[in-house]
$ cat structure-v3.txt   # compact mmCIF, C-alpha atoms
# COMPACT_ATOMS: atom_id res chain seq x y z
CA MET E 222 29.40 30.56 -61.71
CA GLN E 223 28.56 30.91 -58.05
CA ALA E 224 25.30 29.51 -56.69
CA SER E 225 23.73 32.97 -56.64
CA GLU E 226 24.74 33.58 -60.26
CA SER E 227 23.34 30.19 -61.25
CA LYS E 228 20.06 31.01 -59.57
CA GLU E 229 19.82 34.29 -61.51
CA PHE E 230 20.70 32.42 -64.69
CA TYR E 231 17.68 30.12 -64.34
CA LEU E 232 15.39 33.00 -63.40
CA SER E 233 16.47 34.70 -66.63
CA GLU E 234 15.99 31.45 -68.55
CA PHE E 235 12.46 31.22 -67.19
CA ARG E 236 11.59 34.69 -68.44
CA HIS E 237 12.97 33.73 -71.84
CA PHE E 238 10.98 30.47 -71.69
CA GLU E 239 7.77 32.37 -70.92
CA ASN E 240 8.34 34.86 -73.75
CA ASN E 241 8.85 32.08 -76.31
CA GLY E 242 5.43 30.50 -76.28
CA ALA E 243 4.85 29.31 -72.72
CA LYS E 244 2.31 32.09 -72.19
CA LYS E 245 0.02 30.38 -74.70
CA ASN E 246 -0.51 27.47 -72.34
CA PRO E 247 -3.65 27.04 -70.18
CA THR E 248 -4.08 29.41 -67.23
CA TRP E 249 -3.69 26.64 -64.64
CA LEU E 250 -0.33 25.62 -66.14
CA ARG E 251 0.98 29.19 -66.25
CA GLU E 252 -0.03 29.65 -62.62
CA LEU E 253 1.69 26.38 -61.68
CA ARG E 254 4.91 27.41 -63.41
CA THR E 255 4.86 30.90 -61.93
CA SER E 256 4.30 29.56 -58.41
CA ALA E 257 7.17 27.11 -58.93
CA ILE E 258 9.69 29.71 -60.11
CA GLU E 259 8.73 31.88 -57.14
CA SER E 260 9.47 28.93 -54.84
CA PHE E 261 12.80 28.38 -56.56
CA GLN E 262 13.66 32.06 -56.21
CA LYS E 263 12.92 31.85 -52.50
CA LEU E 264 14.71 28.55 -51.87
CA GLY E 265 17.72 28.88 -54.14
CA PHE E 266 20.05 25.95 -54.70
CA PRO E 267 20.73 23.77 -51.65
CA THR E 268 24.08 23.94 -49.88
CA THR E 269 25.90 21.69 -47.42
CA HIS E 270 24.52 23.93 -44.67
CA ASP E 271 21.10 22.40 -45.36
CA GLU E 272 20.66 19.26 -43.26
CA ASP E 273 19.19 17.24 -46.14
CA TRP E 274 22.20 18.12 -48.33
CA LYS E 275 24.87 18.04 -45.63
CA TYR E 276 27.10 15.56 -47.46
CA THR E 277 26.33 16.53 -51.05
CA SER E 278 27.58 19.65 -52.78
CA VAL E 279 25.81 20.80 -55.95
CA ASP E 280 28.73 22.99 -57.07
CA ARG E 281 29.12 20.70 -60.06
CA ILE E 282 25.65 21.80 -61.17
CA THR E 283 25.66 25.47 -60.18
CA SER E 284 29.08 26.14 -61.74
CA VAL E 285 27.80 25.40 -65.27
CA ALA E 286 25.38 27.39 -67.43
CA PHE E 287 23.35 24.54 -68.91
CA ALA E 288 21.52 25.25 -72.13
CA HIS E 289 17.95 24.07 -72.60
CA GLY E 290 17.79 20.57 -74.13
CA ASN E 291 17.09 20.77 -77.87
CA GLY E 292 15.58 17.32 -78.45
CA ASN E 293 18.14 16.47 -81.15
CA VAL E 294 18.22 12.68 -81.62
CA GLY E 295 21.78 12.82 -82.98
CA GLY E 296 22.16 9.26 -84.27
CA VAL E 297 20.67 7.47 -81.27
CA SER E 298 19.47 4.03 -82.37
CA ALA E 299 16.86 1.65 -81.00
CA ASP E 300 19.51 -1.04 -80.53
CA VAL E 301 21.68 1.20 -78.33
CA ILE E 302 18.68 2.19 -76.26
CA SER E 303 17.56 -1.42 -75.90
CA ASP E 304 20.98 -2.47 -74.66
CA LEU E 305 21.51 0.31 -72.10
CA ALA E 306 17.89 0.35 -70.92
CA CYS E 307 17.88 -3.43 -70.43
CA ALA E 308 14.72 -3.60 -72.54
CA GLY E 309 13.65 -5.40 -75.68
CA THR E 310 13.28 -3.54 -78.98
CA ASP E 311 9.60 -4.51 -79.06
CA CYS E 312 8.70 -3.31 -75.54
CA ASN E 313 6.09 -0.63 -74.86
CA ARG E 314 8.08 2.59 -74.56
CA LEU E 315 8.24 6.33 -74.81
CA VAL E 316 11.71 7.60 -75.73
CA PHE E 317 13.00 11.12 -75.11
CA VAL E 318 16.38 12.37 -76.35
CA ASN E 319 17.94 15.53 -74.94
CA GLY E 320 14.65 16.59 -73.42
CA GLY E 321 12.44 16.02 -76.48
CA TYR E 322 10.04 13.23 -77.41
CA SER E 323 11.24 10.90 -80.17
CA PRO E 324 8.22 9.26 -81.88
CA GLU E 325 10.40 7.23 -84.26
CA LEU E 326 12.05 5.45 -81.32
CA SER E 327 8.82 4.97 -79.34
CA PHE E 328 6.27 2.15 -79.46
CA THR E 329 2.90 2.03 -77.68
CA SER E 330 0.51 0.32 -80.13
CA ALA E 331 0.48 -2.94 -78.13
CA LEU E 332 -1.16 -1.37 -75.08
CA PRO E 333 -4.77 -2.20 -74.13
CA ASP E 334 -7.53 0.41 -74.36
CA SER E 335 -7.58 0.76 -70.56
CA VAL E 336 -4.03 2.14 -70.60
CA ARG E 337 -3.21 5.62 -71.87
CA VAL E 338 0.46 6.42 -72.54
CA GLU E 339 1.39 9.72 -74.19
CA ASN E 340 4.13 12.29 -74.17
CA LEU E 341 3.23 15.18 -71.91
CA ALA E 342 3.88 17.93 -74.46
CA ALA E 343 1.20 16.53 -76.78
CA VAL E 344 -1.34 16.39 -73.96
CA LEU E 345 -0.52 19.94 -72.89
CA LYS E 346 -0.86 21.15 -76.47
CA SER E 347 -4.35 19.64 -76.64
CA LYS E 348 -5.24 21.67 -73.53
CA ASP E 349 -6.67 18.58 -71.86
CA GLU E 350 -7.99 19.80 -68.50
CA PHE E 351 -7.53 16.25 -67.18
CA LEU E 352 -3.94 17.17 -66.28
CA ALA E 353 -5.00 20.10 -64.11
CA ARG E 354 -6.36 17.72 -61.46
CA TYR E 355 -3.03 15.95 -60.96
CA LEU E 356 0.04 17.65 -62.41
CA GLY E 357 2.03 19.48 -59.76
CA ARG E 358 -0.42 18.63 -56.97
CA TYR E 359 1.75 16.04 -55.20
CA ALA E 360 5.39 17.00 -55.81
CA ARG E 361 6.83 19.15 -53.03
CA THR E 362 7.46 22.27 -55.08
CA ARG E 363 7.59 24.61 -52.09
CA GLU E 364 10.15 22.51 -50.21
CA GLN E 365 12.47 21.06 -52.86
CA PRO E 366 14.40 23.52 -55.07
CA PHE E 367 15.09 21.04 -57.87
CA VAL E 368 11.42 20.03 -57.94
CA ALA E 369 10.51 23.72 -58.13
CA LEU E 370 12.97 24.22 -61.00
CA ASN E 371 11.58 21.23 -62.88
CA THR E 372 7.99 22.41 -62.37
CA ALA E 373 8.80 25.90 -63.61
CA PHE E 374 10.11 24.43 -66.87
CA ILE E 375 7.49 21.69 -67.37
CA GLU E 376 7.48 21.02 -71.08
CA ASP E 377 7.69 17.32 -71.89
CA GLY E 378 7.76 13.92 -70.26
CA ALA E 379 5.39 10.99 -69.91
CA LEU E 380 1.76 10.53 -68.96
CA VAL E 381 0.72 7.01 -67.95
CA PHE E 382 -2.94 6.63 -67.01
CA VAL E 383 -4.46 3.24 -66.18
CA ARG E 384 -8.23 3.34 -65.91
CA LYS E 385 -10.28 1.68 -63.17
CA ASP E 386 -9.65 -2.08 -63.00
CA GLY E 387 -7.35 -1.82 -66.02
CA ILE E 388 -4.24 -3.98 -66.26
CA ALA E 389 -1.05 -3.19 -68.16
CA ALA E 390 0.19 -6.76 -68.49
CA GLU E 391 3.52 -5.82 -70.08
CA PRO E 392 5.99 -3.31 -68.60
CA ILE E 393 5.91 0.28 -69.84
CA HIS E 394 9.36 1.83 -70.37
CA LEU E 395 9.99 5.57 -70.12
CA ILE E 396 13.47 6.11 -71.58
CA TYR E 397 15.41 9.36 -71.29
CA VAL E 398 18.68 9.72 -73.22
CA SER E 399 21.24 12.52 -72.94
CA THR E 400 23.84 12.94 -75.69
CA ALA E 401 25.56 16.22 -74.85
CA ASN E 402 28.59 16.31 -77.15
CA GLY E 403 28.82 20.08 -77.57
CA LYS E 404 27.74 22.71 -75.08
CA PRO E 405 26.38 21.55 -71.70
CA ILE E 406 22.62 20.91 -71.79
CA ALA E 407 19.92 20.37 -69.19
CA SER E 408 16.78 18.29 -69.58
CA GLN E 409 13.96 18.38 -67.06
CA PRO E 410 11.58 15.50 -67.77
CA ARG E 411 8.29 15.30 -65.91
CA ASN E 412 6.38 12.03 -65.43
CA LEU E 413 2.79 11.75 -64.28
CA LEU E 414 1.68 8.21 -63.40
CA ILE E 415 -1.98 7.69 -62.44
CA LEU E 416 -3.54 4.38 -61.49
CA GLU E 417 -7.23 4.39 -60.77
CA ASP E 418 -8.90 2.02 -58.30
CA GLY E 419 -8.21 -1.67 -58.86
CA SER E 420 -5.69 -1.13 -61.67
CA GLU E 421 -2.24 -2.69 -62.16
CA ALA E 422 0.92 -1.62 -63.97
CA ARG E 423 4.67 -2.07 -64.13
CA ILE E 424 6.58 1.06 -65.13
CA VAL E 425 10.32 1.30 -65.81
CA GLU E 426 12.06 4.68 -65.91
CA ASN E 427 15.43 4.57 -67.67
CA TYR E 428 17.99 7.38 -67.65
CA ILE E 429 20.93 6.93 -70.03
CA GLY E 430 23.97 9.03 -70.84
CA LEU E 431 25.80 8.75 -74.18
CA GLY E 432 29.00 10.50 -75.15
CA PRO E 433 31.56 12.44 -73.10
CA GLY E 434 29.68 15.73 -72.79
CA THR E 435 28.59 17.52 -69.63
CA TYR E 436 24.86 17.53 -68.96
CA LEU E 437 22.20 17.71 -66.25
CA THR E 438 19.08 15.59 -65.89
CA ASN E 439 16.57 16.94 -63.38
CA ALA E 440 13.63 14.53 -63.39
CA VAL E 441 10.42 14.55 -61.34
CA THR E 442 7.82 11.78 -61.19
CA GLU E 443 4.42 12.11 -59.54
CA LEU E 444 2.65 8.81 -58.89
CA ILE E 445 -0.97 8.59 -57.70
CA ALA E 446 -2.19 5.08 -56.92
CA GLY E 447 -5.87 4.49 -56.18
CA GLU E 448 -7.58 2.03 -53.86
CA ASN E 449 -6.70 -1.64 -54.32
CA SER E 450 -4.26 -0.78 -57.10
CA LYS E 451 -0.96 -2.57 -57.60
CA ILE E 452 2.11 -0.94 -59.09
CA GLU E 453 5.74 -1.88 -59.57
CA HIS E 454 7.99 1.09 -60.29
CA TYR E 455 11.57 0.66 -61.49
CA ARG E 456 14.15 3.40 -61.85
CA LEU E 457 17.31 2.38 -63.72
CA GLN E 458 19.93 5.11 -63.90
CA ARG E 459 23.02 4.74 -66.13
CA GLU E 460 24.18 8.30 -66.66
CA GLY E 461 27.67 9.07 -67.95
CA VAL E 462 30.50 10.04 -65.62
CA SER E 463 30.26 13.64 -66.90
CA GLY E 464 26.54 13.75 -66.19
CA SER E 465 24.74 15.07 -63.12
CA HIS E 466 21.41 13.57 -62.18
CA VAL E 467 18.76 14.75 -59.72
CA GLY E 468 15.71 12.52 -59.61
CA THR E 469 12.58 12.84 -57.49
CA LEU E 470 9.70 10.42 -56.97
CA ASP E 471 6.61 11.58 -55.06
CA ALA E 472 4.08 8.78 -54.57
CA GLN E 473 0.60 8.98 -53.02
CA LEU E 474 -0.96 5.64 -52.04
CA LYS E 475 -4.64 5.11 -51.26
CA ARG E 476 -6.42 2.37 -49.30
CA ASN E 477 -5.06 -1.18 -49.78
CA CYS E 478 -2.66 -0.05 -52.49
CA ASN E 479 0.36 -2.29 -53.08
CA PHE E 480 3.44 -0.34 -54.20
CA THR E 481 6.95 -1.66 -54.89
CA ALA E 482 9.78 0.60 -56.06
CA HIS E 483 13.27 -0.36 -57.19
CA ALA E 484 16.03 2.25 -57.60
CA ILE E 485 19.14 0.96 -59.40
CA THR E 486 21.98 3.48 -59.74
CA LEU E 487 24.85 2.34 -61.97
CA GLY E 488 26.37 5.58 -63.24
CA GLY E 489 26.66 9.35 -63.09
CA GLY E 490 29.24 11.76 -61.78
CA LEU E 491 26.88 13.37 -59.27
CA VAL E 492 23.62 11.62 -58.44
CA ARG E 493 20.84 12.56 -56.05
CA ASN E 494 17.79 10.31 -55.71
CA ASP E 495 14.83 11.59 -53.67
CA VAL E 496 11.94 9.25 -52.88
CA HIS E 497 8.90 10.43 -50.93
CA VAL E 498 6.00 8.01 -50.34
CA VAL E 499 2.79 8.90 -48.50
CA LEU E 500 0.70 5.94 -47.31
CA ASP E 501 -2.56 7.84 -47.22
CA GLY E 502 -4.87 4.84 -47.09
CA GLU E 503 -5.57 2.21 -44.47
CA GLY E 504 -3.97 -1.13 -45.28
CA SER E 505 -1.61 0.25 -47.92
CA ASP E 506 1.75 -1.45 -48.44
CA CYS E 507 5.07 -0.02 -49.63
CA VAL E 508 8.40 -1.71 -50.46
CA LEU E 509 11.49 0.29 -51.44
CA ASN E 510 14.52 -1.56 -52.81
CA GLY E 511 17.71 0.22 -53.82
CA LEU E 512 21.16 -0.64 -55.16
CA TYR E 513 23.97 1.78 -55.96
CA LEU E 514 27.38 0.88 -57.45
CA MET E 515 29.90 3.71 -57.55
CA ASP E 516 33.63 3.89 -58.26
CA GLY E 517 36.26 6.43 -59.26
CA LYS E 518 35.19 9.88 -58.00
CA GLN E 519 31.46 9.32 -58.42
CA HIS E 520 29.04 10.58 -55.79
CA VAL E 521 25.55 9.20 -55.05
CA ASP E 522 23.05 10.49 -52.49
CA ASN E 523 19.89 8.53 -51.71
CA SER E 524 17.28 10.38 -49.67
CA THR E 525 14.05 8.55 -48.82
CA GLU E 526 11.04 9.44 -46.72
CA ILE E 527 8.06 7.19 -46.02
CA GLU E 528 5.07 8.84 -44.34
CA HIS E 529 2.53 6.63 -42.60
CA VAL E 530 -0.65 8.71 -42.43
CA LYS E 531 -3.41 6.11 -42.00
CA PRO E 532 -3.66 3.01 -39.77
CA ARG E 533 -2.58 -0.56 -40.51
CA ALA E 534 -0.13 0.27 -43.28
CA THR E 535 3.20 -1.50 -43.78
CA SER E 536 6.52 -0.50 -45.29
CA PHE E 537 9.84 -2.21 -45.86
CA GLU E 538 12.99 -0.57 -47.19
CA LEU E 539 16.29 -2.16 -48.23
CA TYR E 540 19.07 -0.07 -49.80
CA LYS E 541 22.51 -1.56 -50.48
CA GLY E 542 25.61 0.12 -51.86
CA ILE E 543 29.03 -0.97 -53.13
CA LEU E 544 31.68 1.73 -53.41
CA SER E 545 35.28 1.57 -54.59
CA GLY E 546 38.00 3.99 -55.62
CA SER E 547 37.33 7.43 -54.12
CA ALA E 548 33.56 7.17 -54.51
CA ARG E 549 31.22 8.79 -52.01
CA GLY E 550 27.82 7.50 -50.93
CA VAL E 551 25.07 9.03 -48.82
CA PHE E 552 21.93 7.42 -47.44
CA ASN E 553 19.41 9.54 -45.57
CA GLY E 554 16.26 7.56 -44.83
CA LYS E 555 13.32 8.63 -42.71
CA ILE E 556 10.16 6.86 -41.59
CA ARG E 557 7.53 9.24 -40.23
CA VAL E 558 4.50 7.79 -38.43
CA HIS E 559 1.67 10.28 -37.98
CA LYS E 560 -0.54 10.41 -34.90
CA ASP E 561 -3.47 8.56 -36.46
CA ALA E 562 -1.35 5.86 -38.10
CA GLN E 563 -1.85 3.23 -35.40
CA ARG E 564 -0.84 -0.39 -36.04
CA THR E 565 1.92 0.72 -38.40
CA ASN E 566 4.56 -1.86 -39.27
CA ALA E 567 7.72 -0.35 -40.76
CA ARG E 568 11.29 -1.53 -41.22
CA GLN E 569 14.29 0.18 -42.81
CA VAL E 570 17.72 -1.32 -43.61
CA ASN E 571 20.77 0.25 -45.26
CA LYS E 572 23.92 -1.82 -45.91
CA ASN E 573 27.13 -0.55 -47.49
CA LEU E 574 30.21 -2.36 -48.74
CA LEU E 575 33.47 -0.43 -49.13
CA LEU E 576 36.03 -2.04 -51.45
CA SER E 577 38.80 0.53 -51.06
CA ALA E 578 40.42 2.60 -48.35
CA ASP E 579 39.34 5.88 -49.97
CA ALA E 580 35.66 5.04 -50.47
CA MET E 581 33.28 6.63 -47.97
CA VAL E 582 29.62 6.42 -46.96
CA ASN E 583 27.53 8.63 -44.69
CA THR E 584 24.33 6.95 -43.56
CA LYS E 585 21.54 8.33 -41.41
CA PRO E 586 18.44 6.17 -40.86
CA GLN E 587 15.71 7.94 -38.88
CA LEU E 588 12.41 7.19 -37.15
CA GLU E 589 9.91 9.93 -36.30
CA ILE E 590 6.94 8.40 -34.48
CA TYR E 591 3.85 10.17 -33.13
CA ALA E 592 1.62 7.09 -32.65
CA ASP E 593 1.85 4.68 -29.70
CA ASP E 594 0.78 1.34 -31.22
CA VAL E 595 3.43 0.68 -33.86
CA LYS E 596 6.17 -1.75 -34.79
CA CYS E 597 9.12 0.10 -36.32
CA SER E 598 12.83 -0.62 -36.69
CA HIS E 599 15.80 0.71 -38.61
CA GLY E 600 19.47 -0.05 -38.97
CA SER E 601 22.55 0.50 -41.11
CA THR E 602 25.94 -1.10 -41.62
CA ILE E 603 29.17 0.03 -43.24
CA GLY E 604 31.99 -2.42 -43.66
CA GLN E 605 34.33 -4.39 -45.81
CA LEU E 606 34.01 -7.93 -47.09
CA ASP E 607 33.72 -10.62 -44.46
CA ARG E 608 37.20 -11.94 -43.69
CA ASP E 609 35.91 -15.39 -42.77
CA ALA E 610 34.07 -15.66 -46.08
CA LEU E 611 37.19 -14.54 -47.96
CA PHE E 612 39.29 -17.08 -46.05
CA TYR E 613 36.78 -19.83 -46.86
CA LEU E 614 36.90 -19.11 -50.58
CA ARG E 615 40.68 -18.77 -50.66
CA SER E 616 41.09 -22.05 -48.79
CA ARG E 617 39.34 -23.69 -51.74
CA GLY E 618 41.78 -22.37 -54.31
CA ILE E 619 40.06 -19.10 -55.27
CA GLY E 620 42.35 -16.06 -55.56
CA GLN E 621 41.98 -12.95 -53.45
CA GLU E 622 40.52 -10.75 -56.20
CA ASP E 623 38.23 -13.49 -57.48
CA ALA E 624 36.92 -14.15 -53.98
CA GLN E 625 36.28 -10.44 -53.48
CA SER E 626 34.34 -10.27 -56.73
CA LEU E 627 32.26 -13.32 -55.87
CA LEU E 628 31.24 -11.86 -52.51
CA SER E 629 30.52 -8.42 -54.02
CA TYR E 630 28.33 -10.03 -56.67
CA ALA E 631 26.39 -11.94 -54.01
CA PHE E 632 25.94 -8.74 -51.96
CA ALA E 633 24.43 -6.88 -54.94
CA SER E 634 22.38 -9.83 -56.18
CA ASP E 635 20.26 -9.70 -53.05
CA VAL E 636 18.56 -6.57 -54.44
CA ILE E 637 18.57 -7.58 -58.12
CA ASN E 638 16.83 -10.87 -57.33
CA ARG E 639 13.87 -8.92 -55.93
CA ILE E 640 13.07 -7.56 -59.40
CA LYS E 641 9.98 -9.29 -60.78
CA ILE E 642 10.38 -8.45 -64.48
CA ASP E 643 12.25 -11.49 -65.73
CA TYR E 644 14.15 -9.96 -68.66
CA LEU E 645 15.11 -6.87 -66.66
CA ARG E 646 16.39 -8.98 -63.78
CA ALA E 647 18.38 -11.18 -66.20
CA ARG E 648 19.96 -8.19 -67.96
CA LEU E 649 20.96 -6.54 -64.69
CA ASP E 650 22.32 -9.82 -63.37
CA GLU E 651 24.41 -10.08 -66.53
CA TYR E 652 25.62 -6.52 -65.96
CA LEU E 653 26.79 -7.43 -62.46
CA LEU E 654 28.54 -10.55 -63.72
CA ASN E 655 30.42 -8.57 -66.36
CA LYS E 656 31.25 -5.74 -63.99
CA PHE E 657 32.87 -7.95 -61.39
CA ARG E 658 34.58 -10.08 -64.03
CA ARG E 659 36.20 -6.90 -65.41
CA THR E 660 37.19 -5.88 -61.91
CA SER E 661 39.27 -8.97 -61.22
CA GLY E 662 38.85 -11.50 -63.98
CA ALA E 663 36.79 -13.64 -61.63
CA ARG E 664 35.14 -16.72 -63.07
CA ILE E 665 31.69 -16.16 -61.66
CA PRO E 666 29.38 -19.04 -62.57
$ encode --input "structure-v3.txt" --output "structure tokens"
Amino acid sequence: MQASESKEFYLSEFRHFENNGAKKNPTWLRELRTSAIESFQKLGFPTTHDEDWKYTSVDRITSVAFAHGNGNVGGVSADVISDLACAGTDCNRLVFVNGGYSPELSFTSALPDSVRVENLAAVLKSKDEFLARYLGRYARTREQPFVALNTAFIEDGALVFVRKDGIAAEPIHLIYVSTANGKPIASQPRNLLILEDGSEARIVENYIGLGPGTYLTNAVTELIAGENSKIEHYRLQREGVSGSHVGTLDAQLKRNCNFTAHAITLGGGLVRNDVHVVLDGEGSDCVLNGLYLMDGKQHVDNSTEIEHVKPRATSFELYKGILSGSARGVFNGKIRVHKDAQRTNARQVNKNLLLSADAMVNTKPQLEIYADDVKCSHGSTIGQLDRDALFYLRSRGIGQEDAQSLLSYAFASDVINRIKIDYLRARLDEYLLNKFRRTSGARIP
């Protein structure tokens, strides 16, 4: 299909979706969906003529007529999920397979009363008006076509609500599995994460691909963090090489909120990660850490935007990538400081390591400043492994490939070591060790 045909396909799918029960939903939800599909109709799919998508073609998505995910578990086991999601079998979790909630694979009974974790479809079915105050109010539906598409087809996903001064001591895992082994399918999970004033939580989103089939995951997360709240958000993406993944995080931070986000991309044929954080409270703090490892013909595009709206807020961003084979990487990061955001302190760093002659990265860090009392910096690097470091290791009897793997592991570990969940950090560190051992047989201690 051409992009125009794909657009018409989804418009037709929406009409079918509406005629098969969606009209029974609350008025506010129907209006939200209708507004979203109108935005998608106006925007259409992005092309390389759009500045934000200049280096990323979505032909791989628009050329396929993806069927709606059917929620079929299809033999997915808790052990497989635990291994790929880097999570224990006894962790707090909601599990979704092919777009549908899987209660038999989920576990939430260990959560305190101050923490509410439910699948979105169940909450929508109960017609809880609580959702109307938050759902769809922060994601940029009118600007982002994939967000508009996701919003039009809101059906299932996760609700995490931490009440005032509540603390979720243990991490909460939201696990999405795709197992397309027949016709191509699309799942469009929607996450709504709400932390009231003074609350704390650690939330891990996992996206996993099983089997050789072609599929699309188009995920949107809205995060609203109240005053003096503290949240750690992790996004671990291990899609299959035949999978396409578009993920969006829109976060709204209030006064003195402390927010840390980690985006770890380890798979997928075509991957686009959009992160948009608004520091809408004085004294709020934001840290974005990212790592992407791509090889073969994989393509990853990281687009981040941090908006400083109120004074005395701070942000720090570190994204690192390792690419080999014919992989392609894109980093497009923007820091926007609004007029009233005086005393802003912001720093952005993007570093890329190319391990082959055919690997390529396009990086574009940006500052957009409208205040006059700020401290902002940005920078990016693209290069190969340090020759002096390679020479040092080889002079001590380490082979060329082993030395390359050791240095690559150290480069990636800088981001992994910033993860504060001990078992998640250990599992990802083990993944890196095994990956670089397979690459060259290196004996990494």
$ closest_atom_pairs --input "structure-v3.txt" --of "range 463-563 of chain E" --to "range 646-656 of chain E" --cutoff "12 Å" --atoms "all atoms listed in the file" --output "tab-separated table"
residue	atom	partner	partner_atom	distance
E:His483	CA	E:Arg646	CA	11.3
E:Ile485	CA	E:Leu649	CA	9.4
E:Thr486	CA	E:Leu649	CA	11.2
E:Leu487	CA	E:Tyr652	CA	9.7
E:Leu512	CA	E:Leu649	CA	11.2
E:Tyr513	CA	E:Leu653	CA	11.6
E:Leu514	CA	E:Leu653	CA	9.7
E:Met515	CA	E:Lys656	CA	11.5
E:Asp516	CA	E:Lys656	CA	11.5
E:Ile543	CA	E:Leu653	CA	11.6
$ closest_atom_pairs --input "structure-v3.txt" --of "range 500-563 of chain E" --to "range 568-590 of chain E" --cutoff "7 Å" --atoms "all atoms listed in the file" --output "JSON lines"
{"residue": "E:Ser536", "atom": "CA", "partner": "E:Arg568", "partner_atom": "CA", "distance": 6.4}
{"residue": "E:Phe537", "atom": "CA", "partner": "E:Arg568", "partner_atom": "CA", "distance": 4.9}
{"residue": "E:Glu538", "atom": "CA", "partner": "E:Gln569", "partner_atom": "CA", "distance": 4.6}
{"residue": "E:Leu539", "atom": "CA", "partner": "E:Val570", "partner_atom": "CA", "distance": 4.9}
{"residue": "E:Tyr540", "atom": "CA", "partner": "E:Asn571", "partner_atom": "CA", "distance": 4.9}
{"residue": "E:Lys541", "atom": "CA", "partner": "E:Lys572", "partner_atom": "CA", "distance": 4.8}
{"residue": "E:Gly542", "atom": "CA", "partner": "E:Asn573", "partner_atom": "CA", "distance": 4.7}
{"residue": "E:Ile543", "atom": "CA", "partner": "E:Leu574", "partner_atom": "CA", "distance": 4.8}
{"residue": "E:Leu544", "atom": "CA", "partner": "E:Leu575", "partner_atom": "CA", "distance": 5.1}
{"residue": "E:Ser545", "atom": "CA", "partner": "E:Leu576", "partner_atom": "CA", "distance": 4.8}
{"residue": "E:Gly546", "atom": "CA", "partner": "E:Ala580", "partner_atom": "CA", "distance": 5.8}
{"residue": "E:Ser547", "atom": "CA", "partner": "E:Ala580", "partner_atom": "CA", "distance": 4.7}
{"residue": "E:Ala548", "atom": "CA", "partner": "E:Ala580", "partner_atom": "CA", "distance": 5.0}
{"residue": "E:Arg549", "atom": "CA", "partner": "E:Met581", "partner_atom": "CA", "distance": 5.0}
{"residue": "E:Gly550", "atom": "CA", "partner": "E:Val582", "partner_atom": "CA", "distance": 4.5}
{"residue": "E:Val551", "atom": "CA", "partner": "E:Asn583", "partner_atom": "CA", "distance": 4.8}
{"residue": "E:Phe552", "atom": "CA", "partner": "E:Thr584", "partner_atom": "CA", "distance": 4.6}
{"residue": "E:Asn553", "atom": "CA", "partner": "E:Lys585", "partner_atom": "CA", "distance": 4.8}
{"residue": "E:Gly554", "atom": "CA", "partner": "E:Pro586", "partner_atom": "CA", "distance": 4.7}
{"residue": "E:Lys555", "atom": "CA", "partner": "E:Gln587", "partner_atom": "CA", "distance": 4.6}
{"residue": "E:Ile556", "atom": "CA", "partner": "E:Leu588", "partner_atom": "CA", "distance": 5.0}
{"residue": "E:Arg557", "atom": "CA", "partner": "E:Glu589", "partner_atom": "CA", "distance": 4.6}
{"residue": "E:Val558", "atom": "CA", "partner": "E:Ile590", "partner_atom": "CA", "distance": 4.7}
{"residue": "E:His559", "atom": "CA", "partner": "E:Ile590", "partner_atom": "CA", "distance": 6.6}
$ write_last_selection --input "structure-v3.txt" --atoms "C-alpha atoms" --output "PDB file, in the frame of the given file"
ATOM      1  CA  SER E 536       6.520  -0.500 -45.290  1.00  0.00           C
ATOM      2  CA  PHE E 537       9.840  -2.210 -45.860  1.00  0.00           C
ATOM      3  CA  GLU E 538      12.990  -0.570 -47.190  1.00  0.00           C
ATOM      4  CA  LEU E 539      16.290  -2.160 -48.230  1.00  0.00           C
ATOM      5  CA  TYR E 540      19.070  -0.070 -49.800  1.00  0.00           C
ATOM      6  CA  LYS E 541      22.510  -1.560 -50.480  1.00  0.00           C
ATOM      7  CA  GLY E 542      25.610   0.120 -51.860  1.00  0.00           C
ATOM      8  CA  ILE E 543      29.030  -0.970 -53.130  1.00  0.00           C
ATOM      9  CA  LEU E 544      31.680   1.730 -53.410  1.00  0.00           C
ATOM     10  CA  SER E 545      35.280   1.570 -54.590  1.00  0.00           C
ATOM     11  CA  GLY E 546      38.000   3.990 -55.620  1.00  0.00           C
ATOM     12  CA  SER E 547      37.330   7.430 -54.120  1.00  0.00           C
ATOM     13  CA  ALA E 548      33.560   7.170 -54.510  1.00  0.00           C
ATOM     14  CA  ARG E 549      31.220   8.790 -52.010  1.00  0.00           C
ATOM     15  CA  GLY E 550      27.820   7.500 -50.930  1.00  0.00           C
ATOM     16  CA  VAL E 551      25.070   9.030 -48.820  1.00  0.00           C
ATOM     17  CA  PHE E 552      21.930   7.420 -47.440  1.00  0.00           C
ATOM     18  CA  ASN E 553      19.410   9.540 -45.570  1.00  0.00           C
ATOM     19  CA  GLY E 554      16.260   7.560 -44.830  1.00  0.00           C
ATOM     20  CA  LYS E 555      13.320   8.630 -42.710  1.00  0.00           C
ATOM     21  CA  ILE E 556      10.160   6.860 -41.590  1.00  0.00           C
ATOM     22  CA  ARG E 557       7.530   9.240 -40.230  1.00  0.00           C
ATOM     23  CA  VAL E 558       4.500   7.790 -38.430  1.00  0.00           C
ATOM     24  CA  HIS E 559       1.670  10.280 -37.980  1.00  0.00           C
TER      25      HIS E 559
END
$ closest_residue --input "structure-v3.txt" --among "E:Gly600, E:Gly321, E:Gly489, E:Pro392" --to "Tyr428 in chain E" --atoms "all atoms listed in the file"
E:Gly489
$ closest_residue --input "structure-v3.txt" --among "E:Arg564, E:Leu370, E:Gly468, E:Thr535" --to "Val521 in chain E" --atoms "all atoms listed in the file"
E:Gly468
